[in-house]
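A.B. asks: Before I ask anything, let me first share the structure, which is written out below as structure tokens.
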Amino acid sequence: MWRCLLSANQTNNEINWSEVHTWRQNFRKKFPRVQKLPIIDSLAAWLIPQIKKLAEENSSEKISLLDVGAGKKDLLKKLKPVENLFDYKSQDIDKKQSHDYYDLKSIDEKFDLVVSAEVIEHLDAAEKIIFVNDLFSLTKNGGFVAVATPNANHPNIFWRDFTHKMPIHYYDLAGLLGHSGLSEIEIFRLTKMNWKKKFTAWRYKLLLELLHTDFAQSILAVGQKK
């Protein structure tokens with residue numbers, strides 16, 4: 001079912017795997033330790049100031065946002081503080097929900113913001129590359145792509161859903177964004193740091209570093225299309 005997300009005009013044989021490897025290794029050097037990645041509360045916590053910034057830069061029209069794999073549109077509910085600043089469109093393969101699009105290849109417009117949360121982990125390696133390339137192609141010049149996924153450094157979060165096909169490490173995801181043509185790539189850990197989590201992070205800091213393990217359940221990779 002997840003293949004319905006992907007373009008029909010690119011195949012596994014067309015992927016330059018050596019090039020992909022080079023990109024992922026470059027970002028492995030740039031982001032060597034998960035504990036050094038900045039923490040934000042959520043995808044919405046990144047989006048809200050980004051929408052405000054884009055709206056200030058282009059006050060003549062609303063910001064366009066595409067939510068890929070939107071599900072029940074939970075993200076839209078979290079963006080209420082800036083709902084007057086953007087136009088929202090959704091894509092998902094679930095036809096029991098009301099969406100603007102049900103597959104990516106039918107979308108004939110470009111957006112200032114293209115976001116996807118908890119989708120890429122349902123795809124295999126080749127599909128992941130094609131998927132990120134598709135997100136890039138749907139983005140306006142100057143716009144942003146944001147992809148959230150379970151944190152591969154978390155001990156067990158990925159395995160809690162049997163429909164997950166393959167995890168993706170944060171530097172691999174950064175590499176795919178760079179390979180697609182995006183620049184200014186950033187990686188964030190997504191978690192709400194209450195006092196219990198802060199205490200746990202402090203108490204087990206050395207152990208987490210030793211095992212290259214993290215307490216944040218999700219990561220977010222963002223990049224800009226120049």
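In the structure tokens, the first chain shown is A, the next is B, and so on; residue numbers restart at 1 for each chain, and ligands run from 1 in the order shown.
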Could you list, as a PyMOL selection string, every residue within 6 Å of segment 115-117 of chain A, counting only C-alpha atoms and ignoring same-chain residues fewer than 3 positions away?
C.D. replies: chain A and resi 67-68+145-148
A.B. asks: Please report as a Markdown table every residue of segment 66-141 of chain A lying within 12 Å of segment 204-222 of chain A, along with the nearest atom pair and their distance in Å (one decimal), using only C-alpha atoms.
C.D. replies:
| residue | atom | partner | partner_atom | distance |
| --- | --- | --- | --- | --- |
| A:Leu113 | CA | A:Val222 | CA | 10.2 |
| A:Val114 | CA | A:Val222 | CA | 9.8 |
| A:Val115 | CA | A:Val222 | CA | 9.0 |
| A:Ser116 | CA | A:Leu220 | CA | 9.7 |
| A:Ala117 | CA | A:Leu220 | CA | 8.6 |
| A:Glu118 | CA | A:Ser218 | CA | 8.9 |
| A:Ile120 | CA | A:Leu220 | CA | 11.6 |
| A:Glu121 | CA | A:Ser218 | CA | 11.3 |
| A:Val132 | CA | A:Ala221 | CA | 11.2 |
| A:Leu135 | CA | A:Val222 | CA | 11.5 |
| A:Phe136 | CA | A:Val222 | CA | 11.2 |
A.B. asks: Selected residues, N, CA and C atoms, written as a PDB file, in the first residue's frame, please.
C.D. replies:
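Written out: part_29.pdb:
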ATOM      1  N   LEU A 113       5.905  24.910   1.630  1.00  0.00           N
ATOM      2  CA  LEU A 113       6.284  23.943   2.657  1.00  0.00           C
ATOM      3  C   LEU A 113       5.708  22.582   2.304  1.00  0.00           C
ATOM      4  N   VAL A 114       6.568  21.579   2.247  1.00  0.00           N
ATOM      5  CA  VAL A 114       6.127  20.200   2.022  1.00  0.00           C
ATOM      6  C   VAL A 114       6.586  19.391   3.226  1.00  0.00           C
ATOM      7  N   VAL A 115       5.631  18.831   3.959  1.00  0.00           N
ATOM      8  CA  VAL A 115       5.971  18.127   5.197  1.00  0.00           C
ATOM      9  C   VAL A 115       5.444  16.697   5.152  1.00  0.00           C
ATOM     10  N   SER A 116       6.166  15.813   5.806  1.00  0.00           N
ATOM     11  CA  SER A 116       5.753  14.418   5.896  1.00  0.00           C
ATOM     12  C   SER A 116       6.163  13.873   7.250  1.00  0.00           C
ATOM     13  N   ALA A 117       5.212  13.386   8.002  1.00  0.00           N
ATOM     14  CA  ALA A 117       5.483  12.861   9.341  1.00  0.00           C
ATOM     15  C   ALA A 117       5.084  11.391   9.421  1.00  0.00           C
ATOM     16  N   GLU A 118       6.017  10.560   9.852  1.00  0.00           N
ATOM     17  CA  GLU A 118       5.772   9.146  10.113  1.00  0.00           C
ATOM     18  C   GLU A 118       5.296   8.409   8.856  1.00  0.00           C
ATOM     19  N   ILE A 120       8.065   7.846   5.948  1.00  0.00           N
ATOM     20  CA  ILE A 120       9.232   7.292   5.266  1.00  0.00           C
ATOM     21  C   ILE A 120       9.693   5.966   5.857  1.00  0.00           C
ATOM     22  N   GLU A 121       9.381   5.710   7.112  1.00  0.00           N
ATOM     23  CA  GLU A 121       9.777   4.441   7.739  1.00  0.00           C
ATOM     24  C   GLU A 121       8.976   3.253   7.210  1.00  0.00           C
ATOM     25  N   VAL A 132      11.753  11.013  -1.228  1.00  0.00           N
ATOM     26  CA  VAL A 132      12.347  12.319  -0.927  1.00  0.00           C
ATOM     27  C   VAL A 132      12.517  13.142  -2.202  1.00  0.00           C
ATOM     28  N   LEU A 135       9.210  14.692  -2.906  1.00  0.00           N
ATOM     29  CA  LEU A 135       8.940  15.847  -2.043  1.00  0.00           C
ATOM     30  C   LEU A 135       9.684  17.073  -2.559  1.00  0.00           C
ATOM     31  N   PHE A 136      10.925  16.883  -2.987  1.00  0.00           N
ATOM     32  CA  PHE A 136      11.719  17.986  -3.554  1.00  0.00           C
ATOM     33  C   PHE A 136      11.025  18.576  -4.774  1.00  0.00           C
TER      34      PHE A 136
END
A.B. asks: Would you mind listing what lies within 7 Å of segment 27-44 of chain A as a PyMOL selection string, with only C-alpha atoms counted and same-chain residues fewer than 2 positions away left out?
C.D. replies: chain A and resi 23-25+46-48+75+78-79+171+174-175+187-192+214
A.B. asks: Using DSSP on the backbone, list every residue of segment 15-197 of chain A that comes out as helix (DSSP H, G or I), and give them as a VMD selection string.
C.D. replies: chain A and resid 17 to 30 34 to 36 43 to 57 74 to 78 80 to 85 104 to 106 120 to 122 125 to 137 157 to 160 170 to 180 195 to 197
A.B. asks: For a quick check of understanding, using only C-alpha atoms, which of A:Leu66, A:Ile93, A:Asp87, A:Asp161 has the smallest distance to Asp108 of chain A?
C.D. replies: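 Of A:Leu66, A:Ile93, A:Asp87, A:Asp161, the one nearest Asp108 of chain A, counting only C-alpha atoms, is A:Leu66.
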A.B. asks: Counting only C-alpha atoms, which residue out of A:Glu83, A:Glu19, A:Asp112, A:Gly71 sits closest to Glu57 of chain A?
C.D. replies: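 The answer is A:Asp112, which sits nearest to Glu57 of chain A.
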A.B. asks: Can you pull out every residue from segment 21-197 of chain A that DSSP, working from the backbone, puts in strand (DSSP E or B), and format the result as a PyMOL selection string?
C.D. replies: chain A and resi 39-40+63-68+86-91+101+111-117+139-150+183-190
A.B. asks: To one decimal in Å, tell me the separation between atom CA of Ser180 of chain A and atom CA of Ile15 of chain A.
C.D. replies: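 According to the coordinates, atom CA of Ser180 of chain A and atom CA of Ile15 of chain A are separated by 11.3 Å.
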A.B. asks: Enter the distance from atom CA of Leu54 of chain A to atom CA of Phe86 of chain A, in Å, rounded to one decimal.
C.D. replies: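 For atom CA of Leu54 of chain A relative to atom CA of Phe86 of chain A, the distance reads 9.7 Å.
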A.B. asks: What does the distance between atom CA of Lys52 of chain A and atom CA of Ser137 of chain A come to in Å, to one decimal place?
C.D. replies: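 These two atoms are separated by 23.3 Å.
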A.B. asks: Would you please work out which residue, of A:Leu182, A:Leu138, A:Ile130, A:Leu104, is nearest to Leu65 of chain A when using only C-alpha atoms?
C.D. replies: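 Result for the nearest residue to Leu65 of chain A: A:Leu138.
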A.B. asks: Nearest residue to Lys89 of chain A out of A:Lys198, A:Asp74, A:Ser64, A:Ser106, using only C-alpha atoms?
C.D. replies: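 Nearest candidate to Lys89 of chain A out of A:Lys198, A:Asp74, A:Ser64, A:Ser106: A:Ser64.
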A.B. asks: Let me make sure I understand: among A:Gln91, A:Asn84, A:Gly223, A:Glu56, which one has the smallest atom-to-atom distance to Ala70 of chain A if we use only C-alpha atoms?
C.D. replies: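 Distance minimum relative to Ala70 of chain A lands on A:Gln91.
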